[in-house]
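A.B. asks: Following this message is one structure expressed as structure tokens.
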There are 2 protein chains.
Amino acid sequence: MGERILVVGADAAGMSAAHQCLRSAALAAREVDVVVLERTCDTSYSACGIPYLVAGMVNSPDDLSARTPDKHRAMGVDLRLGTTAVGIDLDKRTVDALASDGTASTIGFDQLVLATGAEPIIPDWARDRSGDLLPGVAAVKTLDDARYWLEVFADSGEMRSNRRRGVVIGGGYIGVEAAEALQQRGFDTHLVTRSRVMSTFDSTMSARIEEAMIDDGVTVMTNTVVELVEIAHDGTKILHTAGGRTIEADVVMIGTGVRPASTLGADAGLPIGDHLGYLTDDRQQLGEGIWAAGDCCEAYDRLRGKNAFLPLGTHANKQGRICGFNLVGGDRRFAGVLGTAITRYHSASAHIEIARTGLSTTQALEVGYQPVSLTTEGGTASGYMAERSSIATHAIADKGTRKLLGVQIVGGTAAGKRIDTAAAALWGDMAVDDLAEMDLSYAPPFATVWEAIQLAARRLADAL
Amino acid sequence: MGERILVVGADAAGMSAAHQCLRSAALAAREVDVVVLERTCDTSYSACGIPYLVAGMVNSPDDLSARTPDKHRAMGVDLRLGTTAVGIDLDKRTVDALASDGTASTIGFDQLVLATGAEPIIPDWARDRSGDLLPGVAAVKTLDDARYWLEVFADSGEMRSNRRRGVVIGGGYIGVEAAEALQQRGFDTHLVTRSRVMSTFDSTMSARIEEAMIDDGVTVMTNTVVELVEIAHDGTKILHTAGGRTIEADVVMIGTGVRPASTLGADAGLPIGDHLGYLTDDRQQLGEGIWAAGDCCEAYDRLRGKNAFLPLGTHANKQGRICGFNLVGGDRRFAGVLGTAITRYHSASAHIEIARTGLSTTQALEVGYQPVSLTTEGGTASGYMAERSSIATHAIADKGTRKLLGVQIVGGTAAGKRIDTAAAALWGDMAVDDLAEMDLSYAPPFATVWEAIQLAARRLADAL
């Protein structure tokens, strides 16, 4: 029996850590015994794919699985599904666990990896007195959520004919993706958000997204908070807003964000940051032989110069992999985040790609920059090519230093992924002039001769 | 009458210079008189759009025009079409010109901008004894070439029924685009190249492109040189290769590359580089009050540390604009090139995106690096999304310094433009590890959780 590595959580971060640890140990001819505890019965699935599964664009929940439990086991992971870690004893180096059948156990470890992810924030009104979610109300976060929604949509009795009124709570990534899913399912869709749609974007860009969704038939209610829900005799949920309005709904999708699932470690006295995520160092270490990775952690934001909570599969995979190396003597470091993200709103009649990187104007002001921003209209291909769709690029730079601070994109097909070019520029701490001058690719089906994001950078550079 | 700025050439570089000069002069309240001489009757059209016009994907030659001659004149440019500059007298500060009607004139200047572009290299066998191109033989470079091909394709007598055998000479960007155009027009297409298809790519990537074109029905003949052409009684052109093979053709598209059109300045003693392009400084200055921009120039290659000849509309526009500023006292500098480029091969049954940036392995060896390269297979979207297409990313880095040297992409829809992220990393002189670690965008319709080019960088970083 080798050194016992205990991983809590079997999704992106946890399984990346487990497998990298096994690979690195094998290379170093080191004996490790990797045990992974997972609360649910699912491992390593694409959480970001849940809205598309719910929308009916993915055939089955199995398609979202990167690897089956059996595959993980065949690769050497001692995987224990339906097993919830309920407490850590740092002195005794043990974790107390509870199996789904109620059996309690205590598992010793030499090193521990916390990869418990994030949990959806569910408003109180969404639950009944016993704490259960109301019928027809759920989040869009886990495979279990997806299975619930697929059942609801398959229930032709409940959802037949005109009983297709759907409300999405939340205007962020999940909210927009849930609205896409409801539209795709033929619902009459409301999107309710306490501020505006995609509020980490500058307001002019939020306005574009809202407008496009409204044009596509979504009722967007900004600056709106639901306070309570009443259930009518026919099962209709009547949502009452703080402003005194009511919205009738058959289904309510909760997409009001997530918070780090960090109570397990917090209760054991492990360090927690301002955003309530684990506060690791850049090696993902939390304490002596204690590591954390993924959505339960905070991450260093390179532009803000401090920690942020940006739960994303990309960071989870990178951090998990780093843990895996470092568990067996490696010295890999997580280089931080920029706040890069992408989503879309897609329906039979609309296709909007939405992407951002770096700081918004609000965030830049918080850091102490003097942000200047400009939105530039462009195209994803030459004007005479059928491939062309429109792209609005909002670029933000610091007046004093000319440093590029952030870029936001709202456009049609082939617009969104251009954000990565801006992300690379931010990663290299470049000036807006660099983005304007760099040698980017051009051919008529792919770009305009002044590439759209480059034109935006040039215009902003001229305006500084 | 203000200072006389004389521009030779009215395409991307020349007209960018002319208009920026007018704008900058207006801002500086400086009087300028901008005269532009243009050999043809066309101004400011998208040369890169010619293959798509020839393919029938663009409705009319007019669609490729950014601005009409009248529009340029209305904006203050004294535009003289059909006027060829035939000599420069640097002492007298004059240019001798010849109008299309044979009228000679001498035009004085205070400052001169040479923006004469590049000219296609036409093999001797493609011409008859009087120097004219053989019937059914032309390049794919200018609007006049495009008009010729549109006429040929419209001529139902000549091109009817089985007389649709097309040969493309050249395996570079124009060659691949010409093959696309011929396939699109229903020709039985041969592509003949003296080396391999896309020879500025590493050979494994060339092989992928060749394979995809062959799968789509193009006969690709590599390492093949045409030596002479015989014309049969029925007009069939019989191409004889150096290897003793023959190819029968009704039309032959010449895409064997271009060379800088720099004899005008060379004859006047202006500096010319190793690639026969104008040798400007980074302000695009060639001599006292003499400037040059665009495809007639060489450009500083940031990775090779010396000049290269990379004729592209993007550089032409940037350099023209820089000239425009500097003509009226500005101090803008051209920051150099990376060798970024993109094209595609598209037909009813195939869509291949092809892109590169930086150095190939051969080029890296020439510079003195120790290049290590690796091709990584990936996807443009998550495996469970209908949007997914395949992408092969070939990354090259220096063994000693871990510096990223180049990236090449061959893939399906949404693959090609990812090259810009690598270009930005090269612009920032980053290591392959930076590309592997940076915060790029992910959502299932747009990427895999390890973005394809990032996965390629990670694998290469591990292999160094």
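By order of appearance in the structure tokens: chains A, B, ..., then residues from 1 within every chain, and ligands from 1 in the order shown.
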Got a sec: who's within 6 Å of Val410 (chain B), counting only C-alpha atoms, leaving out chain neighbours fewer than 3 positions off, as a PyMOL selection string?

C.D. replies: chain B and resi 353-354+391-392

A.B. asks: Write to file, as a compact mmCIF listing (two decimals), in the first residue's frame, the residues of the selection just made, with N, CA, C and O atoms.

C.D. replies:
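Dumped everything to result.txt:
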```
# COMPACT_ATOMS: atom_id res chain seq x y z
N GLU B 353 -10.00 24.48 -43.27
CA GLU B 353 -9.40 25.77 -42.93
C GLU B 353 -7.91 25.56 -42.66
O GLU B 353 -7.52 24.59 -42.01
N ILE B 354 -7.12 26.46 -43.17
CA ILE B 354 -5.66 26.31 -43.20
C ILE B 354 -5.05 27.61 -42.70
O ILE B 354 -5.32 28.67 -43.27
N ILE B 391 -9.73 19.53 -35.65
CA ILE B 391 -8.67 20.52 -35.83
C ILE B 391 -7.35 19.85 -35.47
O ILE B 391 -7.23 19.22 -34.42
N ALA B 392 -6.40 19.96 -36.38
CA ALA B 392 -5.04 19.49 -36.09
C ALA B 392 -4.18 20.72 -35.88
O ALA B 392 -4.15 21.62 -36.72
```

A.B. asks: Within 6 Å of Ser44 (chain A), counting only C-alpha atoms, which residues show up once you throw out same-chain ones fewer than 5 positions away? Write them as a list in words, please.

C.D. replies: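 With the cut-off at 6 Å, the set is Asp11, Ala12, Ser65 and Ala66 of chain A.
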
A.B. asks: Need to verify the contact set: Ile272 (chain A), 12 Å, only C-alpha atoms, exclusion of same-chain residues closer than 2 positions in sequence. Can you return it as a short mmCIF file (atom, residue, chain, number, x, y, z; two decimals) with N, CA and C atoms, in the first residue's frame?

C.D. replies:
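Saved file selection_39.cif follows:
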```
data_model
loop_
_atom_site.label_atom_id
_atom_site.label_comp_id
_atom_site.auth_asym_id
_atom_site.auth_seq_id
_atom_site.Cartn_x
_atom_site.Cartn_y
_atom_site.Cartn_z
N PRO A 260 -18.78 28.84 -3.82
CA PRO A 260 -17.86 27.73 -3.60
C PRO A 260 -18.41 26.77 -2.54
N ALA A 261 -18.33 25.48 -2.81
CA ALA A 261 -18.76 24.47 -1.83
C ALA A 261 -17.56 24.20 -0.92
N SER A 262 -17.37 25.09 0.04
CA SER A 262 -16.13 25.08 0.84
C SER A 262 -16.37 24.88 2.33
N THR A 263 -17.59 24.52 2.72
CA THR A 263 -17.85 24.41 4.16
C THR A 263 -17.07 23.26 4.79
N LEU A 264 -16.87 22.18 4.03
CA LEU A 264 -16.13 21.03 4.57
C LEU A 264 -14.78 21.47 5.12
N GLY A 265 -14.04 22.21 4.30
CA GLY A 265 -12.71 22.65 4.73
C GLY A 265 -12.78 23.81 5.71
N ALA A 266 -13.77 24.69 5.50
CA ALA A 266 -13.93 25.83 6.40
C ALA A 266 -14.18 25.35 7.82
N ASP A 267 -15.03 24.33 7.95
CA ASP A 267 -15.34 23.78 9.28
C ASP A 267 -14.10 23.19 9.95
N ALA A 268 -13.16 22.75 9.12
CA ALA A 268 -11.93 22.18 9.68
C ALA A 268 -10.87 23.25 9.92
N GLY A 269 -11.24 24.51 9.63
CA GLY A 269 -10.31 25.61 9.89
C GLY A 269 -9.34 25.90 8.75
N LEU A 270 -9.60 25.34 7.59
CA LEU A 270 -8.72 25.63 6.44
C LEU A 270 -9.01 27.04 5.91
N ASP A 274 -12.15 35.99 0.70
CA ASP A 274 -13.25 36.95 0.73
C ASP A 274 -14.48 36.47 -0.02
N HIS A 275 -14.24 35.62 -1.02
CA HIS A 275 -15.36 35.12 -1.83
C HIS A 275 -15.85 33.77 -1.32
N LEU A 276 -15.34 33.37 -0.14
CA LEU A 276 -15.72 32.13 0.52
C LEU A 276 -15.19 30.88 -0.18
N GLY A 277 -14.23 31.08 -1.07
CA GLY A 277 -13.57 29.93 -1.69
C GLY A 277 -12.29 29.61 -0.94
N TYR A 278 -11.77 28.40 -1.18
CA TYR A 278 -10.50 28.03 -0.55
C TYR A 278 -9.41 28.96 -1.03
N LEU A 279 -8.54 29.30 -0.11
CA LEU A 279 -7.46 30.24 -0.37
C LEU A 279 -6.16 29.46 -0.47
N THR A 280 -5.89 28.95 -1.66
CA THR A 280 -4.66 28.16 -1.84
C THR A 280 -3.53 29.09 -2.25
N ASP A 281 -2.31 28.55 -2.22
CA ASP A 281 -1.21 29.29 -2.86
C ASP A 281 -1.22 28.94 -4.35
N LEU A 286 -3.20 24.20 0.32
CA LEU A 286 -4.09 24.85 1.29
C LEU A 286 -3.52 24.70 2.70
N GLY A 287 -2.72 23.70 2.88
CA GLY A 287 -2.10 23.40 4.18
C GLY A 287 -1.12 22.27 3.97
N ALA A 292 -6.32 22.04 -2.82
CA ALA A 292 -7.68 22.27 -3.32
C ALA A 292 -7.59 22.72 -4.77
N CYS A 296 -14.31 25.18 -6.01
CA CYS A 296 -14.38 25.45 -4.57
C CYS A 296 -13.29 26.44 -4.14
N CYS A 297 -12.42 26.81 -5.08
CA CYS A 297 -11.28 27.70 -4.77
C CYS A 297 -11.51 29.10 -5.30
N GLU A 298 -10.79 30.04 -4.74
CA GLU A 298 -10.59 31.33 -5.38
C GLU A 298 -9.35 31.21 -6.28
N ALA A 299 -9.23 32.12 -7.22
CA ALA A 299 -8.07 32.07 -8.12
C ALA A 299 -7.51 33.48 -8.27
N ASN A 307 -7.42 37.95 -5.55
CA ASN A 307 -8.22 36.77 -5.83
C ASN A 307 -9.61 37.11 -6.34
N PHE A 309 -13.42 34.90 -7.63
CA PHE A 309 -14.12 33.62 -7.70
C PHE A 309 -14.69 33.50 -9.11
#
```

A.B. asks: Which of these, B:Met253, B:Ile247, B:Ile396, B:Val225, has the shortest distance to Pro371 (chain B) once you count only C-alpha atoms?

C.D. replies: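 Counting only C-alpha atoms, the residue closest to Pro371 (chain B) is B:Ile396.
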
A.B. asks: Can you measure CA of Ile169 (chain A) to CA of Thr200 (chain A) for me? One decimal in Å is fine.

C.D. replies: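 Separating CA of Ile169 (chain A) from CA of Thr200 (chain A) is a distance of 16.5 Å.
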
A.B. asks: Identify, on the basis of only C-alpha atoms, every residue whose closest approach to Glu230 (chain B) does not exceed 8 Å; exclude the query and any residue fewer than 3 positions from it along the same chain; express the result as an MDAnalysis selection string.

C.D. replies: chainID B and resid 237:240

A.B. asks: Generate a file of the selected residues that holds N, CA, C and O atoms, formatted as a compact mmCIF listing (two decimals), in the first residue's frame.

C.D. replies:
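The resulting file, result16.txt, is shown below:
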```txt
# COMPACT_ATOMS: atom_id res chain seq x y z
N LYS B 237 -4.80 22.38 -74.26
CA LYS B 237 -3.41 22.65 -73.93
C LYS B 237 -2.82 21.37 -73.32
O LYS B 237 -3.39 20.81 -72.38
N ILE B 238 -1.72 20.93 -73.88
CA ILE B 238 -1.06 19.74 -73.34
C ILE B 238 0.20 20.19 -72.61
O ILE B 238 1.15 20.67 -73.22
N LEU B 239 0.14 20.08 -71.28
CA LEU B 239 1.27 20.53 -70.46
C LEU B 239 2.25 19.37 -70.31
O LEU B 239 1.86 18.26 -69.92
N HIS B 240 3.49 19.63 -70.61
CA HIS B 240 4.53 18.61 -70.47
C HIS B 240 5.35 18.93 -69.23
O HIS B 240 5.85 20.04 -69.07
```

A.B. asks: Near Val54 (chain A), counting only C-alpha atoms, which residues have an atom at most 10 Å away, once you skip same-chain residues fewer than 2 positions from it, shown as number ranges by chain?

C.D. replies: A: 49-52, 56-61, 140, 143, 145-151, 153, 177-178, 180-182, 184-185

A.B. asks: With a cut-off of 8 Å and counting only C-alpha atoms, select all residues of chain A in contact with chain B and give the selection as number ranges by chain.

C.D. replies: A: 48-49, 57-58, 63-64, 313-315, 317-318, 334-343, 355, 384-386, 414, 417-425, 427-428, 430, 435, 437-444, 446, 449-450

A.B. asks: Based on the selection just made, write N, CA and C atoms of those residues as a tab-separated table (two decimals), in the first residue's frame.

C.D. replies:
```tsv
chain	number	residue	atom	x	y	z
A	48	CYS	N	-20.70	22.33	-18.09
A	48	CYS	CA	-21.03	23.39	-19.05
A	48	CYS	C	-21.96	22.89	-20.15
A	49	GLY	N	-22.04	21.57	-20.29
A	49	GLY	CA	-22.92	21.02	-21.31
A	49	GLY	C	-24.36	20.85	-20.85
A	57	MET	N	-30.19	19.51	-27.32
A	57	MET	CA	-29.16	19.51	-28.38
A	57	MET	C	-28.15	18.39	-28.18
A	58	VAL	N	-28.17	17.79	-26.99
A	58	VAL	CA	-27.27	16.67	-26.70
A	58	VAL	C	-28.18	15.46	-26.50
A	63	ASP	N	-23.63	11.27	-22.91
A	63	ASP	CA	-22.74	11.97	-23.84
A	63	ASP	C	-21.87	13.01	-23.14
A	64	LEU	N	-22.33	13.49	-21.99
A	64	LEU	CA	-21.56	14.51	-21.28
A	64	LEU	C	-20.43	13.91	-20.45
A	313	GLY	N	-14.71	25.35	-15.82
A	313	GLY	CA	-14.08	24.06	-16.06
A	313	GLY	C	-12.64	24.16	-16.50
A	314	THR	N	-12.32	25.23	-17.25
A	314	THR	CA	-10.95	25.37	-17.73
A	314	THR	C	-9.97	25.51	-16.55
A	315	HIS	N	-10.32	26.37	-15.60
A	315	HIS	CA	-9.45	26.54	-14.43
A	315	HIS	C	-9.40	25.26	-13.61
A	317	ASN	N	-9.72	22.17	-14.54
A	317	ASN	CA	-8.84	21.18	-15.16
A	317	ASN	C	-7.37	21.52	-14.95
A	318	LYS	N	-7.05	22.80	-15.15
A	318	LYS	CA	-5.64	23.20	-15.00
A	318	LYS	C	-5.19	23.03	-13.55
A	334	PHE	N	-0.14	27.55	-10.73
A	334	PHE	CA	-1.27	28.07	-11.50
A	334	PHE	C	-1.01	29.54	-11.78
A	335	ALA	N	-1.05	29.91	-13.06
A	335	ALA	CA	-0.60	31.25	-13.46
A	335	ALA	C	-1.69	32.31	-13.35
A	336	GLY	N	-2.89	31.92	-12.91
A	336	GLY	CA	-3.93	32.92	-12.70
A	336	GLY	C	-4.94	32.99	-13.83
A	337	VAL	N	-5.90	33.87	-13.63
A	337	VAL	CA	-7.03	33.98	-14.57
A	337	VAL	C	-7.16	35.41	-15.07
A	338	LEU	N	-7.89	35.54	-16.16
A	338	LEU	CA	-8.15	36.86	-16.75
A	338	LEU	C	-9.64	37.20	-16.73
A	339	GLY	N	-10.45	36.20	-16.42
A	339	GLY	CA	-11.89	36.42	-16.52
A	339	GLY	C	-12.42	36.24	-17.94
A	340	THR	N	-11.75	35.37	-18.69
A	340	THR	CA	-12.20	35.09	-20.06
A	340	THR	C	-13.41	34.15	-20.02
A	341	ALA	N	-14.42	34.47	-20.81
A	341	ALA	CA	-15.60	33.60	-20.84
A	341	ALA	C	-16.35	33.82	-22.14
A	342	ILE	N	-17.10	32.80	-22.52
A	342	ILE	CA	-17.87	32.86	-23.77
A	342	ILE	C	-19.19	32.14	-23.57
A	343	THR	N	-20.22	32.62	-24.22
A	343	THR	CA	-21.46	31.86	-24.31
A	343	THR	C	-22.18	32.31	-25.57
A	355	ALA	N	-18.84	37.16	-25.61
A	355	ALA	CA	-17.56	36.78	-25.01
A	355	ALA	C	-16.91	37.98	-24.35
A	384	TYR	N	-18.35	41.25	-48.92
A	384	TYR	CA	-18.89	40.60	-50.11
A	384	TYR	C	-19.00	39.08	-49.96
A	385	MET	N	-18.62	38.55	-48.77
A	385	MET	CA	-18.67	37.10	-48.57
A	385	MET	C	-19.94	36.71	-47.82
A	386	ALA	N	-20.52	35.59	-48.21
A	386	ALA	CA	-21.74	35.10	-47.56
A	386	ALA	C	-21.49	34.76	-46.10
A	414	ALA	N	-18.96	33.08	-35.63
A	414	ALA	CA	-17.51	33.29	-35.74
A	414	ALA	C	-17.02	34.54	-35.02
A	417	LYS	N	-15.19	33.55	-30.55
A	417	LYS	CA	-13.89	32.97	-30.22
A	417	LYS	C	-12.73	33.93	-30.47
A	418	ARG	N	-13.02	35.04	-31.19
A	418	ARG	CA	-11.98	36.06	-31.36
A	418	ARG	C	-11.52	36.64	-30.03
A	419	ILE	N	-12.29	36.40	-28.98
A	419	ILE	CA	-11.91	36.92	-27.67
A	419	ILE	C	-10.56	36.37	-27.23
A	420	ASP	N	-10.21	35.17	-27.69
A	420	ASP	CA	-8.96	34.55	-27.26
A	420	ASP	C	-7.74	35.36	-27.68
A	421	THR	N	-7.84	36.05	-28.81
A	421	THR	CA	-6.72	36.88	-29.26
A	421	THR	C	-6.50	38.02	-28.26
A	422	ALA	N	-7.60	38.59	-27.80
A	422	ALA	CA	-7.51	39.64	-26.79
A	422	ALA	C	-7.00	39.07	-25.47
A	423	ALA	N	-7.44	37.87	-25.14
A	423	ALA	CA	-6.99	37.23	-23.90
A	423	ALA	C	-5.47	37.01	-23.95
A	424	ALA	N	-4.97	36.58	-25.10
A	424	ALA	CA	-3.52	36.39	-25.23
A	424	ALA	C	-2.78	37.71	-25.07
A	425	ALA	N	-3.36	38.77	-25.60
A	425	ALA	CA	-2.75	40.10	-25.44
A	425	ALA	C	-2.73	40.51	-23.97
A	427	TRP	N	-2.77	38.44	-21.46
A	427	TRP	CA	-1.83	37.53	-20.77
A	427	TRP	C	-0.42	38.08	-20.89
A	428	GLY	N	-0.13	38.70	-22.03
A	428	GLY	CA	1.20	39.27	-22.26
A	428	GLY	C	1.32	40.70	-21.77
A	430	MET	N	-0.06	43.44	-22.65
A	430	MET	CA	0.21	44.32	-23.78
A	430	MET	C	-0.60	45.62	-23.74
A	435	LEU	N	-2.28	45.29	-29.66
A	435	LEU	CA	-3.41	44.57	-30.28
A	435	LEU	C	-3.74	45.19	-31.63
A	437	GLU	N	-1.60	46.61	-33.66
A	437	GLU	CA	-0.50	46.45	-34.62
A	437	GLU	C	-0.17	45.01	-34.97
A	438	MET	N	-0.58	44.07	-34.14
A	438	MET	CA	-0.06	42.70	-34.32
A	438	MET	C	-0.54	42.08	-35.63
A	439	ASP	N	0.19	41.07	-36.04
A	439	ASP	CA	-0.01	40.44	-37.35
A	439	ASP	C	-1.05	39.32	-37.22
A	440	LEU	N	-2.31	39.67	-37.47
A	440	LEU	CA	-3.40	38.68	-37.37
A	440	LEU	C	-3.80	38.21	-38.77
A	441	SER	N	-4.50	37.12	-38.79
A	441	SER	CA	-4.78	36.46	-40.07
A	441	SER	C	-5.93	37.13	-40.81
A	442	TYR	N	-5.78	37.17	-42.13
A	442	TYR	CA	-6.83	37.73	-42.98
A	442	TYR	C	-6.98	36.92	-44.26
A	443	ALA	N	-8.20	36.58	-44.56
A	443	ALA	CA	-8.63	36.13	-45.89
A	443	ALA	C	-10.13	36.42	-45.90
A	444	PRO	N	-10.69	36.73	-47.08
A	444	PRO	CA	-12.07	37.23	-47.13
A	444	PRO	C	-13.12	36.37	-46.40
A	446	PHE	N	-12.84	34.89	-43.65
A	446	PHE	CA	-12.53	34.79	-42.23
A	446	PHE	C	-12.44	36.11	-41.49
A	449	VAL	N	-10.03	43.15	-43.71
A	449	VAL	CA	-8.59	43.35	-43.85
A	449	VAL	C	-8.01	44.02	-42.60
A	450	TRP	N	-8.78	44.87	-41.96
A	450	TRP	CA	-8.48	45.26	-40.58
A	450	TRP	C	-9.36	44.35	-39.72
```

A.B. asks: Near region 22-27 of chain A, counting only C-alpha atoms, which residues have an atom at most 7 Å away, once you skip same-chain residues fewer than 5 positions from it, shown as a count of residues only?

C.D. replies: 3

A.B. asks: For the helix (DSSP H, G or I) assignment from backbone DSSP, which residues of region 198-269 of chain B qualify? Please present them as a PyMOL selection string.

C.D. replies: chain B and resi 203-215+263-267

A.B. asks: If you measure from CA of Gly320 (chain B) to CA of Cys21 (chain B), what distance in Å do you get, rounded to one decimal?

C.D. replies: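 Those two atoms sit 9.4 Å apart.
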
A.B. asks: Tell me, in Å to one decimal, how far CA of Val137 (chain A) is from CA of Ala154 (chain A).

C.D. replies: 15.4 Å

A.B. asks: Write out as a PyMOL selection string all residues of region 306-453 of chain A that backbone DSSP assigns to strand (DSSP E).

C.D. replies: chain A and resi 306-308+341-346+351-358+371-379+390-398+404-411

A.B. asks: What does the file look like for those residues with C-alpha atoms, as a compact mmCIF listing (two decimals), in the first residue's frame?

C.D. replies:
```txt
# COMPACT_ATOMS: atom_id res chain seq x y z
CA LYS A 306 -6.04 39.83 -6.14
CA ASN A 307 -8.22 36.77 -5.83
CA ALA A 308 -11.48 36.32 -7.66
CA ALA A 341 -15.60 33.60 -20.84
CA ILE A 342 -17.87 32.86 -23.77
CA THR A 343 -21.46 31.86 -24.31
CA ARG A 344 -24.16 32.29 -26.88
CA TYR A 345 -27.86 32.73 -27.33
CA HIS A 346 -29.03 30.51 -30.16
CA HIS A 351 -27.50 33.39 -33.17
CA ILE A 352 -25.59 35.70 -30.83
CA GLU A 353 -22.09 34.97 -29.60
CA ILE A 354 -21.11 36.66 -26.37
CA ALA A 355 -17.56 36.78 -25.01
CA ARG A 356 -15.38 38.76 -22.68
CA THR A 357 -11.91 38.87 -21.21
CA GLY A 358 -10.17 41.04 -18.67
CA PRO A 371 -10.52 53.12 -18.21
CA VAL A 372 -11.47 54.50 -21.61
CA SER A 373 -13.71 52.32 -23.75
CA LEU A 374 -15.12 52.30 -27.25
CA THR A 375 -17.42 49.97 -29.16
CA THR A 376 -16.53 49.33 -32.81
CA GLU A 377 -18.86 47.73 -35.35
CA GLY A 378 -17.27 45.26 -37.72
CA GLY A 379 -17.68 42.03 -39.62
CA SER A 390 -21.68 41.39 -37.64
CA ILE A 391 -19.48 41.81 -34.59
CA ALA A 392 -19.42 44.58 -32.02
CA THR A 393 -16.13 44.80 -30.17
CA HIS A 394 -15.93 46.81 -26.98
CA ALA A 395 -12.34 47.50 -26.02
CA ILE A 396 -11.18 49.02 -22.75
CA ALA A 397 -7.73 50.48 -22.04
CA ASP A 398 -6.05 52.57 -19.38
CA LEU A 404 -5.24 46.95 -22.64
CA LEU A 405 -7.66 46.16 -19.82
CA GLY A 406 -10.46 44.19 -21.38
CA VAL A 407 -12.39 43.30 -24.49
CA GLN A 408 -16.02 42.30 -24.90
CA ILE A 409 -17.65 40.87 -28.01
CA VAL A 410 -21.28 40.53 -29.10
CA GLY A 411 -21.80 39.26 -32.62
```
